[in-house]
$ cat my_file.cif   # mmCIF, C-alpha atoms, pLDDT in the B column; chains and numbers go by the auth columns
data_work
#
loop_
_atom_site.group_PDB
_atom_site.id
_atom_site.type_symbol
_atom_site.label_atom_id
_atom_site.label_comp_id
_atom_site.label_asym_id
_atom_site.label_seq_id
_atom_site.Cartn_x
_atom_site.Cartn_y
_atom_site.Cartn_z
_atom_site.B_iso_or_equiv
_atom_site.auth_seq_id
_atom_site.auth_asym_id
ATOM 1 C CA MET A 1 128.228 162.835 33.574 85.00 303 A
ATOM 2 C CA GLY A 2 129.120 165.986 31.684 95.00 304 A
ATOM 3 C CA VAL A 3 131.419 166.694 28.777 97.00 305 A
ATOM 4 C CA ALA A 4 134.354 167.461 31.078 98.00 306 A
ATOM 5 C CA LEU A 5 134.371 164.080 32.808 98.00 307 A
ATOM 6 C CA ASP A 6 133.697 162.300 29.542 98.00 308 A
ATOM 7 C CA THR A 7 136.726 164.021 28.003 98.00 309 A
ATOM 8 C CA VAL A 8 139.023 163.233 30.920 98.00 310 A
ATOM 9 C CA ARG A 9 137.997 159.576 30.926 98.00 311 A
ATOM 10 C CA ALA A 10 138.631 159.319 27.190 98.00 312 A
ATOM 11 C CA PHE A 11 142.022 160.958 27.629 98.00 313 A
ATOM 12 C CA ILE A 12 143.072 158.521 30.360 98.00 314 A
ATOM 13 C CA ALA A 13 141.948 155.614 28.199 98.00 315 A
ATOM 14 C CA ALA A 14 144.061 157.008 25.343 98.00 316 A
ATOM 15 C CA ALA A 15 147.098 157.220 27.622 97.00 317 A
ATOM 16 C CA GLU A 16 146.608 153.633 28.785 97.00 318 A
ATOM 17 C CA ALA A 17 146.386 152.532 25.141 97.00 319 A
ATOM 18 C CA LYS A 18 149.448 154.683 24.319 97.00 320 A
ATOM 19 C CA ASP A 19 147.271 156.201 21.607 97.00 321 A
ATOM 20 C CA LEU A 20 148.818 159.624 21.101 97.00 322 A
ATOM 21 C CA VAL A 21 146.670 160.318 18.043 97.00 323 A
ATOM 22 C CA ARG A 22 143.548 160.004 20.161 98.00 324 A
ATOM 23 C CA ALA A 23 145.174 161.910 23.036 98.00 325 A
ATOM 24 C CA ALA A 24 145.968 164.773 20.665 98.00 326 A
ATOM 25 C CA GLU A 25 142.299 165.056 19.683 98.00 327 A
ATOM 26 C CA LEU A 26 141.400 165.594 23.352 98.00 328 A
ATOM 27 C CA LEU A 27 143.980 168.303 24.067 98.00 329 A
ATOM 28 C CA HIS A 28 143.496 171.974 23.324 98.00 330 A
ATOM 29 C CA ASP A 29 146.173 173.641 21.167 97.00 331 A
ATOM 30 C CA ASP A 30 147.167 175.783 24.140 98.00 332 A
ATOM 31 C CA VAL A 31 146.848 173.139 26.843 98.00 333 A
ATOM 32 C CA ARG A 32 148.872 173.733 29.994 98.00 334 A
ATOM 33 C CA TYR A 33 150.360 170.544 31.458 98.00 335 A
ATOM 34 C CA GLU A 34 151.744 170.843 34.970 98.00 336 A
ATOM 35 C CA ASN A 35 153.507 168.212 36.984 96.00 337 A
ATOM 36 C CA VAL A 36 153.457 170.325 40.107 95.00 338 A
ATOM 37 C CA PRO A 37 156.985 169.612 41.353 88.00 339 A
ATOM 38 C CA VAL A 38 158.508 170.627 38.003 92.00 340 A
ATOM 39 C CA ASP A 39 158.074 173.375 35.411 89.00 341 A
ATOM 40 C CA PRO A 40 154.803 173.610 33.469 95.00 342 A
ATOM 41 C CA ILE A 41 154.631 172.609 29.828 97.00 343 A
ATOM 42 C CA VAL A 42 152.570 174.725 27.437 98.00 344 A
ATOM 43 C CA GLY A 43 151.034 173.602 24.166 98.00 345 A
ATOM 44 C CA ARG A 44 149.743 170.374 22.672 98.00 346 A
ATOM 45 C CA ASP A 45 152.927 169.368 20.867 97.00 347 A
ATOM 46 C CA ALA A 46 155.076 169.813 23.970 97.00 348 A
ATOM 47 C CA THR A 47 152.549 167.897 26.051 98.00 349 A
ATOM 48 C CA LEU A 48 152.459 165.025 23.567 98.00 350 A
ATOM 49 C CA GLY A 49 156.248 164.976 23.523 97.00 351 A
ATOM 50 C CA MET A 50 156.353 164.564 27.281 95.00 352 A
ATOM 51 C CA MET A 51 153.655 161.894 27.158 96.00 353 A
ATOM 52 C CA GLU A 52 155.533 159.978 24.493 96.00 354 A
ATOM 53 C CA MET A 53 158.616 159.993 26.691 93.00 355 A
ATOM 54 C CA PHE A 54 156.984 158.454 29.748 90.00 356 A
ATOM 55 C CA LEU A 55 154.599 156.190 27.855 92.00 357 A
ATOM 56 C CA SER A 56 157.409 154.702 25.792 92.00 358 A
ATOM 57 C CA SER A 57 159.451 153.973 28.918 91.00 359 A
ATOM 58 C CA ALA A 58 156.747 151.594 30.166 96.00 360 A
ATOM 59 C CA SER A 59 155.690 148.305 28.614 96.00 361 A
ATOM 60 C CA ALA A 60 152.173 148.777 29.998 97.00 362 A
ATOM 61 C CA ILE A 61 150.191 151.642 31.514 97.00 363 A
ATOM 62 C CA GLU A 62 147.283 151.478 33.938 98.00 364 A
ATOM 63 C CA TRP A 63 145.903 154.685 35.365 98.00 365 A
ATOM 64 C CA GLN A 64 143.385 153.553 37.951 98.00 366 A
ATOM 65 C CA VAL A 65 140.864 156.263 38.811 98.00 367 A
ATOM 66 C CA LEU A 66 139.991 155.869 42.487 98.00 368 A
ATOM 67 C CA ARG A 67 137.706 158.893 42.746 98.00 369 A
ATOM 68 C CA GLU A 68 136.531 161.617 40.397 98.00 370 A
ATOM 69 C CA LEU A 69 134.595 164.819 41.009 98.00 371 A
ATOM 70 C CA GLU A 70 133.120 166.936 38.233 98.00 372 A
ATOM 71 C CA VAL A 71 131.751 170.441 38.708 97.00 373 A
ATOM 72 C CA GLY A 72 131.049 172.363 35.520 97.00 374 A
ATOM 73 C CA ASP A 73 134.144 172.415 33.311 98.00 375 A
ATOM 74 C CA VAL A 74 136.436 171.091 36.038 98.00 376 A
ATOM 75 C CA VAL A 75 137.345 167.535 36.977 98.00 377 A
ATOM 76 C CA MET A 76 139.472 166.519 39.940 98.00 378 A
ATOM 77 C CA ASN A 77 140.442 162.905 40.413 98.00 379 A
ATOM 78 C CA GLU A 78 142.512 160.635 42.606 98.00 380 A
ATOM 79 C CA ARG A 79 144.467 158.056 40.686 98.00 381 A
ATOM 80 C CA LEU A 80 147.004 155.325 41.034 98.00 382 A
ATOM 81 C CA ASP A 81 149.131 155.764 37.910 98.00 383 A
ATOM 82 C CA ARG A 82 150.833 152.428 37.244 98.00 384 A
ATOM 83 C CA PHE A 83 153.765 151.968 34.853 97.00 385 A
ATOM 84 C CA ARG A 84 155.080 148.521 33.969 97.00 386 A
ATOM 85 C CA ILE A 85 158.877 148.835 33.773 97.00 387 A
ATOM 86 C CA ASN A 86 161.054 145.785 33.260 95.00 388 A
ATOM 87 C CA ASP A 87 159.874 143.177 35.781 92.00 389 A
ATOM 88 C CA GLY A 88 157.799 145.374 38.066 97.00 390 A
ATOM 89 C CA TRP A 89 155.250 148.119 38.458 98.00 391 A
ATOM 90 C CA LEU A 90 155.876 151.701 39.415 97.00 392 A
ATOM 91 C CA ASP A 91 152.748 152.782 41.336 98.00 393 A
ATOM 92 C CA LEU A 92 152.356 156.527 41.701 98.00 394 A
ATOM 93 C CA PRO A 93 149.519 158.084 43.759 98.00 395 A
ATOM 94 C CA VAL A 94 148.311 161.216 41.972 98.00 396 A
ATOM 95 C CA ALA A 95 145.684 163.916 42.440 98.00 397 A
ATOM 96 C CA GLY A 96 144.758 165.448 39.098 98.00 398 A
ATOM 97 C CA VAL A 97 142.986 168.648 38.074 98.00 399 A
ATOM 98 C CA PHE A 98 141.564 169.140 34.597 98.00 400 A
ATOM 99 C CA GLU A 99 139.821 172.048 32.916 98.00 401 A
ATOM 100 C CA VAL A 100 137.903 171.239 29.731 98.00 402 A
ATOM 101 C CA VAL A 101 136.565 173.588 27.068 97.00 403 A
ATOM 102 C CA ASP A 102 134.411 172.240 24.215 95.00 404 A
ATOM 103 C CA GLY A 103 135.608 168.690 24.729 97.00 405 A
ATOM 104 C CA ARG A 104 139.293 169.575 24.832 98.00 406 A
ATOM 105 C CA ILE A 105 141.550 169.693 27.856 98.00 407 A
ATOM 106 C CA THR A 106 142.973 173.162 28.510 98.00 408 A
ATOM 107 C CA LEU A 107 144.607 172.384 31.858 98.00 409 A
ATOM 108 C CA TRP A 108 146.075 169.131 33.180 98.00 410 A
ATOM 109 C CA ARG A 109 147.745 169.476 36.573 98.00 411 A
ATOM 110 C CA ASP A 110 149.005 166.489 38.585 98.00 412 A
ATOM 111 C CA TYR A 111 150.036 166.608 42.247 98.00 413 A
ATOM 112 C CA PHE A 112 152.348 163.793 43.380 98.00 414 A
ATOM 113 C CA ASP A 113 155.527 163.072 45.290 97.00 415 A
ATOM 114 C CA MET A 114 158.471 163.159 42.909 97.00 416 A
ATOM 115 C CA ASN A 115 160.692 161.101 45.195 97.00 417 A
ATOM 116 C CA THR A 116 158.156 158.251 45.177 97.00 418 A
ATOM 117 C CA TYR A 117 158.495 158.189 41.399 96.00 419 A
ATOM 118 C CA MET A 118 162.277 158.555 41.226 95.00 420 A
ATOM 119 C CA THR A 119 163.060 156.006 43.938 96.00 421 A
ATOM 120 C CA ARG A 120 160.891 153.302 42.425 96.00 422 A
ATOM 121 C CA LEU A 121 162.136 154.062 38.907 94.00 423 A
ATOM 122 C CA ALA A 122 165.715 153.595 40.098 95.00 424 A
ATOM 123 C CA GLU A 123 164.804 150.233 41.665 96.00 425 A
ATOM 124 C CA LEU A 124 163.143 148.985 38.503 96.00 426 A
ATOM 125 C CA THR A 125 165.910 150.086 36.168 93.00 427 A
ATOM 126 C CA ALA A 126 168.879 149.061 38.325 91.00 428 A
ATOM 127 C CA GLY A 127 171.218 146.867 36.354 73.00 429 A
ATOM 128 C CA SER A 128 169.233 147.180 33.118 67.00 430 A
ATOM 129 C CA MET B 1 127.405 175.069 49.633 85.00 149 B
ATOM 130 C CA GLY B 2 126.761 171.879 51.558 95.00 150 B
ATOM 131 C CA VAL B 3 127.780 170.674 54.989 97.00 151 B
ATOM 132 C CA ALA B 4 130.941 169.025 53.664 98.00 152 B
ATOM 133 C CA LEU B 5 132.422 172.195 52.178 98.00 153 B
ATOM 134 C CA ASP B 6 131.293 174.254 55.154 98.00 154 B
ATOM 135 C CA THR B 7 133.102 171.839 57.471 98.00 155 B
ATOM 136 C CA VAL B 8 136.315 171.829 55.437 98.00 156 B
ATOM 137 C CA ARG B 9 136.388 175.617 55.274 98.00 157 B
ATOM 138 C CA ALA B 10 135.888 175.871 59.027 98.00 158 B
ATOM 139 C CA PHE B 11 138.660 173.339 59.572 98.00 159 B
ATOM 140 C CA ILE B 12 141.118 175.280 57.421 98.00 160 B
ATOM 141 C CA ALA B 13 140.220 178.484 59.266 98.00 161 B
ATOM 142 C CA ALA B 14 140.894 176.689 62.561 98.00 162 B
ATOM 143 C CA ALA B 15 144.291 175.551 61.321 97.00 163 B
ATOM 144 C CA GLU B 16 145.180 179.090 60.227 97.00 164 B
ATOM 145 C CA ALA B 17 144.169 180.358 63.676 97.00 165 B
ATOM 146 C CA LYS B 18 146.117 177.496 65.298 97.00 166 B
ATOM 147 C CA ASP B 19 142.889 176.751 67.140 97.00 167 B
ATOM 148 C CA LEU B 20 143.213 173.059 67.937 97.00 168 B
ATOM 149 C CA VAL B 21 140.117 173.101 70.156 97.00 169 B
ATOM 150 C CA ARG B 22 138.017 174.172 67.192 98.00 170 B
ATOM 151 C CA ALA B 23 139.867 171.776 64.882 98.00 171 B
ATOM 152 C CA ALA B 24 139.081 168.906 67.251 98.00 172 B
ATOM 153 C CA GLU B 25 135.352 169.669 67.038 98.00 173 B
ATOM 154 C CA LEU B 26 135.510 169.245 63.270 98.00 174 B
ATOM 155 C CA LEU B 27 137.349 165.911 63.253 98.00 175 B
ATOM 156 C CA HIS B 28 135.680 162.543 63.651 98.00 176 B
ATOM 157 C CA ASP B 29 137.007 160.306 66.455 97.00 177 B
ATOM 158 C CA ASP B 30 138.230 157.844 63.840 98.00 178 B
ATOM 159 C CA VAL B 31 139.490 160.348 61.279 98.00 179 B
ATOM 160 C CA ARG B 32 142.145 159.091 58.888 98.00 180 B
ATOM 161 C CA TYR B 33 144.819 161.689 58.080 98.00 181 B
ATOM 162 C CA GLU B 34 147.075 160.866 55.156 98.00 182 B
ATOM 163 C CA ASN B 35 150.023 162.816 53.900 96.00 183 B
ATOM 164 C CA VAL B 36 150.355 160.657 50.827 95.00 184 B
ATOM 165 C CA PRO B 37 154.162 160.343 50.753 89.00 185 B
ATOM 166 C CA VAL B 38 154.237 159.087 54.361 92.00 186 B
ATOM 167 C CA ASP B 39 152.311 156.680 56.575 89.00 187 B
ATOM 168 C CA PRO B 40 148.658 157.433 57.403 95.00 188 B
ATOM 169 C CA ILE B 41 147.654 158.615 60.857 97.00 189 B
ATOM 170 C CA VAL B 42 144.463 157.244 62.402 98.00 190 B
ATOM 171 C CA GLY B 43 142.361 158.887 65.102 98.00 191 B
ATOM 172 C CA ARG B 44 141.604 162.417 66.257 98.00 192 B
ATOM 173 C CA ASP B 45 144.232 162.590 68.992 97.00 193 B
ATOM 174 C CA ALA B 46 147.022 161.440 66.698 97.00 194 B
ATOM 175 C CA THR B 47 145.875 163.877 64.015 98.00 195 B
ATOM 176 C CA LEU B 48 145.811 166.778 66.471 98.00 196 B
ATOM 177 C CA GLY B 49 149.275 165.798 67.690 97.00 197 B
ATOM 178 C CA MET B 50 150.636 165.987 64.158 95.00 198 B
ATOM 179 C CA MET B 51 148.869 169.292 63.552 96.00 199 B
ATOM 180 C CA GLU B 52 150.273 170.734 66.762 96.00 200 B
ATOM 181 C CA MET B 53 153.752 169.786 65.613 93.00 201 B
ATOM 182 C CA PHE B 54 153.637 171.578 62.283 90.00 202 B
ATOM 183 C CA LEU B 55 151.500 174.498 63.435 92.00 203 B
ATOM 184 C CA SER B 56 153.829 175.246 66.351 92.00 204 B
ATOM 185 C CA SER B 57 156.850 175.256 64.039 91.00 205 B
ATOM 186 C CA ALA B 58 155.406 178.229 62.101 96.00 206 B
ATOM 187 C CA SER B 59 154.859 181.753 63.404 96.00 207 B
ATOM 188 C CA ALA B 60 151.947 182.189 60.982 97.00 208 B
ATOM 189 C CA ILE B 61 149.827 179.907 58.806 97.00 209 B
ATOM 190 C CA GLU B 62 147.963 180.746 55.616 98.00 210 B
ATOM 191 C CA TRP B 63 146.268 177.980 53.695 98.00 211 B
ATOM 192 C CA GLN B 64 145.077 179.630 50.507 98.00 212 B
ATOM 193 C CA VAL B 65 142.310 177.677 48.800 98.00 213 B
ATOM 194 C CA LEU B 66 142.751 178.121 45.057 98.00 214 B
ATOM 195 C CA ARG B 67 139.926 175.834 43.964 98.00 215 B
ATOM 196 C CA GLU B 68 137.392 173.646 45.718 98.00 216 B
ATOM 197 C CA LEU B 69 134.944 171.066 44.416 98.00 217 B
ATOM 198 C CA GLU B 70 132.162 169.562 46.516 98.00 218 B
ATOM 199 C CA VAL B 71 130.114 166.555 45.477 97.00 219 B
ATOM 200 C CA GLY B 72 127.959 165.024 48.213 97.00 220 B
ATOM 201 C CA ASP B 73 130.082 164.240 51.264 98.00 221 B
ATOM 202 C CA VAL B 74 133.373 164.753 49.432 98.00 222 B
ATOM 203 C CA VAL B 75 135.466 167.896 48.971 98.00 223 B
ATOM 204 C CA MET B 76 138.589 168.156 46.842 98.00 224 B
ATOM 205 C CA ASN B 77 140.604 171.335 46.850 98.00 225 B
ATOM 206 C CA GLU B 78 143.792 172.853 45.500 98.00 226 B
ATOM 207 C CA ARG B 79 145.677 174.883 48.046 98.00 227 B
ATOM 208 C CA LEU B 80 148.851 176.807 48.618 98.00 228 B
ATOM 209 C CA ASP B 81 149.707 175.949 52.218 98.00 229 B
ATOM 210 C CA ARG B 82 151.975 178.726 53.513 98.00 230 B
ATOM 211 C CA PHE B 83 154.028 178.463 56.714 97.00 231 B
ATOM 212 C CA ARG B 84 155.889 181.464 58.109 97.00 232 B
ATOM 213 C CA ILE B 85 159.209 180.146 59.452 97.00 233 B
ATOM 214 C CA ASN B 86 161.862 182.513 60.752 95.00 234 B
ATOM 215 C CA ASP B 87 162.252 185.230 58.102 92.00 235 B
ATOM 216 C CA GLY B 88 160.500 183.583 55.191 97.00 236 B
ATOM 217 C CA TRP B 89 157.543 181.619 53.907 98.00 237 B
ATOM 218 C CA LEU B 90 157.430 177.961 53.033 97.00 238 B
ATOM 219 C CA ASP B 91 154.870 177.686 50.202 98.00 239 B
ATOM 220 C CA LEU B 92 153.598 174.161 49.567 97.00 240 B
ATOM 221 C CA PRO B 93 151.227 173.351 46.675 98.00 241 B
ATOM 222 C CA VAL B 94 148.720 170.740 47.865 98.00 242 B
ATOM 223 C CA ALA B 95 145.730 168.852 46.492 98.00 243 B
ATOM 224 C CA GLY B 96 143.445 167.778 49.317 98.00 244 B
ATOM 225 C CA VAL B 97 140.651 165.222 49.604 98.00 245 B
ATOM 226 C CA PHE B 98 138.142 165.302 52.458 98.00 246 B
ATOM 227 C CA GLU B 99 135.249 163.046 53.402 98.00 247 B
ATOM 228 C CA VAL B 100 132.746 164.503 55.861 98.00 248 B
ATOM 229 C CA VAL B 101 130.055 162.721 57.899 97.00 249 B
ATOM 230 C CA ASP B 102 127.590 164.732 60.004 95.00 250 B
ATOM 231 C CA GLY B 103 129.813 167.802 60.029 97.00 251 B
ATOM 232 C CA ARG B 104 132.950 165.937 61.025 98.00 252 B
ATOM 233 C CA ILE B 105 135.911 165.062 58.828 98.00 253 B
ATOM 234 C CA THR B 106 136.462 161.316 58.517 98.00 254 B
ATOM 235 C CA LEU B 107 139.199 161.465 55.861 98.00 255 B
ATOM 236 C CA TRP B 108 141.832 164.135 55.195 98.00 256 B
ATOM 237 C CA ARG B 109 144.301 163.201 52.458 98.00 257 B
ATOM 238 C CA ASP B 110 146.878 165.636 51.056 98.00 258 B
ATOM 239 C CA TYR B 111 148.909 165.079 47.885 98.00 259 B
ATOM 240 C CA PHE B 112 152.135 167.099 47.646 98.00 260 B
ATOM 241 C CA ASP B 113 155.819 166.843 46.844 97.00 261 B
ATOM 242 C CA MET B 114 157.747 166.064 50.022 97.00 262 B
ATOM 243 C CA ASN B 115 161.027 167.330 48.603 97.00 263 B
ATOM 244 C CA THR B 116 159.500 170.776 47.965 97.00 264 B
ATOM 245 C CA TYR B 117 158.658 170.908 51.670 96.00 265 B
ATOM 246 C CA MET B 118 161.952 169.537 52.988 95.00 266 B
ATOM 247 C CA THR B 119 164.193 171.653 50.750 96.00 267 B
ATOM 248 C CA ARG B 120 162.494 174.924 51.653 96.00 268 B
ATOM 249 C CA LEU B 121 162.329 173.992 55.337 94.00 269 B
ATOM 250 C CA ALA B 122 166.094 173.424 55.327 95.00 270 B
ATOM 251 C CA GLU B 123 166.659 176.829 53.703 96.00 271 B
ATOM 252 C CA LEU B 124 164.518 178.627 56.265 96.00 272 B
ATOM 253 C CA THR B 125 166.030 176.915 59.300 93.00 273 B
ATOM 254 C CA ALA B 126 169.682 176.996 58.190 91.00 274 B
ATOM 255 C CA GLY B 127 171.817 178.570 60.892 73.00 275 B
ATOM 256 C CA SER B 128 168.930 178.948 63.321 67.00 276 B
#

$ encode --input "my_file.cif" --output "C-alpha cells"
Amino acid sequence: MGVALDTVRAFIAAAEAKDLVRAAELLHDDVRYENVPVDPIVGRDATLGMMEMFLSSASAIEWQVLRELEVGDVVMNERLDRFRINDGWLDLPVAGVFEVVDGRITLWRDYFDMNTYMTRLAELTAGS
Amino acid sequence: MGVALDTVRAFIAAAEAKDLVRAAELLHDDVRYENVPVDPIVGRDATLGMMEMFLSSASAIEWQVLRELEVGDVVMNERLDRFRINDGWLDLPVAGVFEVVDGRITLWRDYFDMNTYMTRLAELTAGS
C-alpha cells in the first residue's frame, strides 16, 4: 500500500469519526471536491464546510469501502456511504476518485445518483 | 497494460463502432451489467439487448476515457460517455468498474447520475 491509499483510508476514517480536525490535516489547501452531479467546491475550508453540513445531519456515518485500486498518486474506490438519519440508514452507492500529493488529498471526486440520495433523505426526514 | 485493460478498451471501441458482434466476443456468457441507479442485468444476451437499445437511439457514440486504473483482473475508469441525439450531444460523466476473466468481461458496473441523463435526453428529443 502506498501513501495515496494510506491517506484516503485515513480520510474516510476521519469522516466516519466526524473528526474534521483530522480530515483537515489530510486535505491540501487547494483541494478540489466534486460531487459530480453538482458544482465543484475548491479549497480546504469550503470542503470542510460541506463535510460539516452532511456529517452533522447524520447521527452516525459508515463509509464501507467495497473495492479500492491504487496506481501511483491515484486511488479509485467503490463505496457504500451510509448515513444514519433519524430511525433509518441512507445507503448511497458511490465511486470515488482521489489524487494525493505528499500525503494530502488534492482531488476528491464522487460519482453517484443524486436522486437515490434525495429520495431516501426525504423518506427518513418525513414528519420530523 | 494487462489483458483486463486491453479487453475493456476493445469493448469501448466496439460500443463506439456500434459493433455488437465484436462486443459479444468480449462479454462473458454470465456477465453482470449494472447501471447502479437501476436493476442489474445478467447474461450476455440481455446485456447486448440493452446496449442495442441505447446505441440505436444515438446517431454517434463517443466514450471518452479520462482516466483508467488496472490492478490484476479489475479496471476502473472515468469516462465522458457522449451520445449524439438529433442535433446535440448528451454528455454523461461515468465511473466504470470492470472485472475480466480470460479476456471476457464478467462485470460491468457504471456509476452516474440518472437525472443528468434523463434531463438532457428530454431536451434533445423535445418536439421530435

$ atom_distance --input "my_file.cif" --atom1 "atom CA of Val338 of chain A" --atom2 "atom CA of Thr421 of chain A"
17.7 Å

$ calpha_fit_and_write --input "my_file.cif" --fixed "chain A" --moving "chain B" --output "CSV table (one decimal) with C-alpha atoms, in the frame of the given file"
chain,number,residue,atom,x,y,z
B,149,MET,CA,128.2,162.8,33.6
B,150,GLY,CA,129.1,166.0,31.7
B,151,VAL,CA,131.4,166.7,28.8
B,152,ALA,CA,134.3,167.5,31.1
B,153,LEU,CA,134.4,164.1,32.8
B,154,ASP,CA,133.7,162.3,29.5
B,155,THR,CA,136.7,164.0,28.0
B,156,VAL,CA,139.0,163.2,30.9
B,157,ARG,CA,138.0,159.6,30.9
B,158,ALA,CA,138.6,159.3,27.2
B,159,PHE,CA,142.0,161.0,27.6
B,160,ILE,CA,143.1,158.5,30.4
B,161,ALA,CA,142.0,155.6,28.2
B,162,ALA,CA,144.1,157.0,25.3
B,163,ALA,CA,147.1,157.2,27.6
B,164,GLU,CA,146.6,153.6,28.8
B,165,ALA,CA,146.4,152.5,25.1
B,166,LYS,CA,149.5,154.7,24.3
B,167,ASP,CA,147.3,156.2,21.6
B,168,LEU,CA,148.8,159.6,21.1
B,169,VAL,CA,146.7,160.3,18.0
B,170,ARG,CA,143.6,160.0,20.2
B,171,ALA,CA,145.2,161.9,23.0
B,172,ALA,CA,146.0,164.8,20.7
B,173,GLU,CA,142.3,165.1,19.7
B,174,LEU,CA,141.4,165.6,23.3
B,175,LEU,CA,144.0,168.3,24.1
B,176,HIS,CA,143.5,172.0,23.3
B,177,ASP,CA,146.2,173.6,21.2
B,178,ASP,CA,147.2,175.8,24.1
B,179,VAL,CA,146.8,173.1,26.8
B,180,ARG,CA,148.9,173.7,30.0
B,181,TYR,CA,150.4,170.5,31.5
B,182,GLU,CA,151.7,170.9,35.0
B,183,ASN,CA,153.5,168.2,37.0
B,184,VAL,CA,153.5,170.3,40.1
B,185,PRO,CA,157.0,169.6,41.4
B,186,VAL,CA,158.5,170.6,38.0
B,187,ASP,CA,158.1,173.4,35.4
B,188,PRO,CA,154.8,173.6,33.5
B,189,ILE,CA,154.6,172.6,29.8
B,190,VAL,CA,152.6,174.7,27.4
B,191,GLY,CA,151.0,173.6,24.2
B,192,ARG,CA,149.7,170.4,22.7
B,193,ASP,CA,152.9,169.4,20.9
B,194,ALA,CA,155.1,169.8,24.0
B,195,THR,CA,152.5,167.9,26.1
B,196,LEU,CA,152.5,165.0,23.6
B,197,GLY,CA,156.3,165.0,23.5
B,198,MET,CA,156.4,164.6,27.3
B,199,MET,CA,153.7,161.9,27.2
B,200,GLU,CA,155.5,160.0,24.5
B,201,MET,CA,158.6,160.0,26.7
B,202,PHE,CA,157.0,158.5,29.7
B,203,LEU,CA,154.6,156.2,27.9
B,204,SER,CA,157.4,154.7,25.8
B,205,SER,CA,159.5,154.0,28.9
B,206,ALA,CA,156.7,151.6,30.2
B,207,SER,CA,155.7,148.3,28.6
B,208,ALA,CA,152.2,148.8,30.0
B,209,ILE,CA,150.2,151.6,31.5
B,210,GLU,CA,147.3,151.5,33.9
B,211,TRP,CA,145.9,154.7,35.4
B,212,GLN,CA,143.4,153.6,38.0
B,213,VAL,CA,140.9,156.3,38.8
B,214,LEU,CA,140.0,155.9,42.5
B,215,ARG,CA,137.7,158.9,42.8
B,216,GLU,CA,136.5,161.6,40.4
B,217,LEU,CA,134.6,164.8,41.0
B,218,GLU,CA,133.1,166.9,38.2
B,219,VAL,CA,131.8,170.4,38.7
B,220,GLY,CA,131.0,172.4,35.5
B,221,ASP,CA,134.1,172.4,33.3
B,222,VAL,CA,136.4,171.1,36.0
B,223,VAL,CA,137.3,167.5,37.0
B,224,MET,CA,139.5,166.5,40.0
B,225,ASN,CA,140.4,162.9,40.4
B,226,GLU,CA,142.5,160.6,42.6
B,227,ARG,CA,144.5,158.1,40.7
B,228,LEU,CA,147.0,155.3,41.0
B,229,ASP,CA,149.1,155.8,37.9
B,230,ARG,CA,150.8,152.4,37.3
B,231,PHE,CA,153.8,152.0,34.9
B,232,ARG,CA,155.1,148.5,34.0
B,233,ILE,CA,158.9,148.8,33.8
B,234,ASN,CA,161.0,145.8,33.2
B,235,ASP,CA,159.8,143.2,35.8
B,236,GLY,CA,157.8,145.4,38.1
B,237,TRP,CA,155.2,148.1,38.5
B,238,LEU,CA,155.9,151.7,39.4
B,239,ASP,CA,152.7,152.8,41.3
B,240,LEU,CA,152.3,156.5,41.7
B,241,PRO,CA,149.5,158.1,43.8
B,242,VAL,CA,148.3,161.2,42.0
B,243,ALA,CA,145.7,163.9,42.4
B,244,GLY,CA,144.8,165.5,39.1
B,245,VAL,CA,143.0,168.7,38.1
B,246,PHE,CA,141.6,169.1,34.6
B,247,GLU,CA,139.8,172.1,32.9
B,248,VAL,CA,137.9,171.2,29.7
B,249,VAL,CA,136.6,173.6,27.1
B,250,ASP,CA,134.4,172.2,24.2
B,251,GLY,CA,135.6,168.7,24.7
B,252,ARG,CA,139.3,169.6,24.8
B,253,ILE,CA,141.5,169.7,27.9
B,254,THR,CA,143.0,173.2,28.5
B,255,LEU,CA,144.6,172.4,31.9
B,256,TRP,CA,146.1,169.1,33.2
B,257,ARG,CA,147.7,169.5,36.6
B,258,ASP,CA,149.0,166.5,38.6
B,259,TYR,CA,150.0,166.6,42.3
B,260,PHE,CA,152.3,163.8,43.4
B,261,ASP,CA,155.5,163.1,45.3
B,262,MET,CA,158.5,163.2,42.9
B,263,ASN,CA,160.7,161.1,45.2
B,264,THR,CA,158.2,158.3,45.2
B,265,TYR,CA,158.5,158.2,41.4
B,266,MET,CA,162.3,158.6,41.2
B,267,THR,CA,163.1,156.0,43.9
B,268,ARG,CA,160.9,153.3,42.4
B,269,LEU,CA,162.1,154.1,38.9
B,270,ALA,CA,165.7,153.6,40.1
B,271,GLU,CA,164.8,150.2,41.7
B,272,LEU,CA,163.1,149.0,38.5
B,273,THR,CA,165.9,150.1,36.1
B,274,ALA,CA,168.9,149.1,38.3
B,275,GLY,CA,171.2,146.8,36.3
B,276,SER,CA,169.2,147.2,33.1

$ resolve_selection --input "my_file.cif" --expression "the PyMOL selection byres ((chain B) within 7 of (chain A))" --output "PyMOL selection string"
chain B and resi 185+217+219+243+259-262

$ resolve_selection --input "my_file.cif" --expression "the PyMOL selection byres ((chain B and resi 199-207) around 6)" --output "number ranges by chain"
B: 196-198, 208, 231-233

$ residues_around --input "my_file.cif" --residues "Val151 of chain B" --least-positions-apart "5" --cutoff "8 Å" --atoms "only C-alpha atoms" --output "PyMOL selection string"
chain B and resi 221+248+250-251

$ closest_residue --input "my_file.cif" --among "B:Leu214, B:Ile209, B:Gly150, B:Val179" --to "Asp167 of chain B" --atoms "all atoms listed in the file"
B:Ile209

$ atom_distance --input "my_file.cif" --atom1 "atom CA of Gly236 of chain B" --atom2 "atom CA of Ala161 of chain B"
21.3 Å

$ resolve_selection --input "my_file.cif" --expression "the PyMOL selection byres ((chain A and resi 314) around 12)" --output "PyMOL selection string"
chain A and resi 307-313+315-322+324-326+328-329+353+363-367+379+381-383+398+400+407+410

$ closest_residue --input "my_file.cif" --among "A:Ala306, A:Leu423, A:Val344, A:Val323" --to "Asp393 of chain A" --atoms "all atoms listed in the file"
A:Leu423

$ axis_aligned_box --input "my_file.cif" --around "segment 404-423 of chain A" --padding-each-side "6 Å" --output "lines of an AutoDock Vina configuration file"
center_x = 148.7
center_y = 163.2
center_z = 34.8
size_x = 40.6
size_y = 31.9
size_z = 33.1

$ closest_residue --input "my_file.cif" --among "B:Leu272, B:Glu247, B:Tyr265, B:Asp177" --to "Thr195 of chain B" --atoms "only C-alpha atoms"
B:Asp177
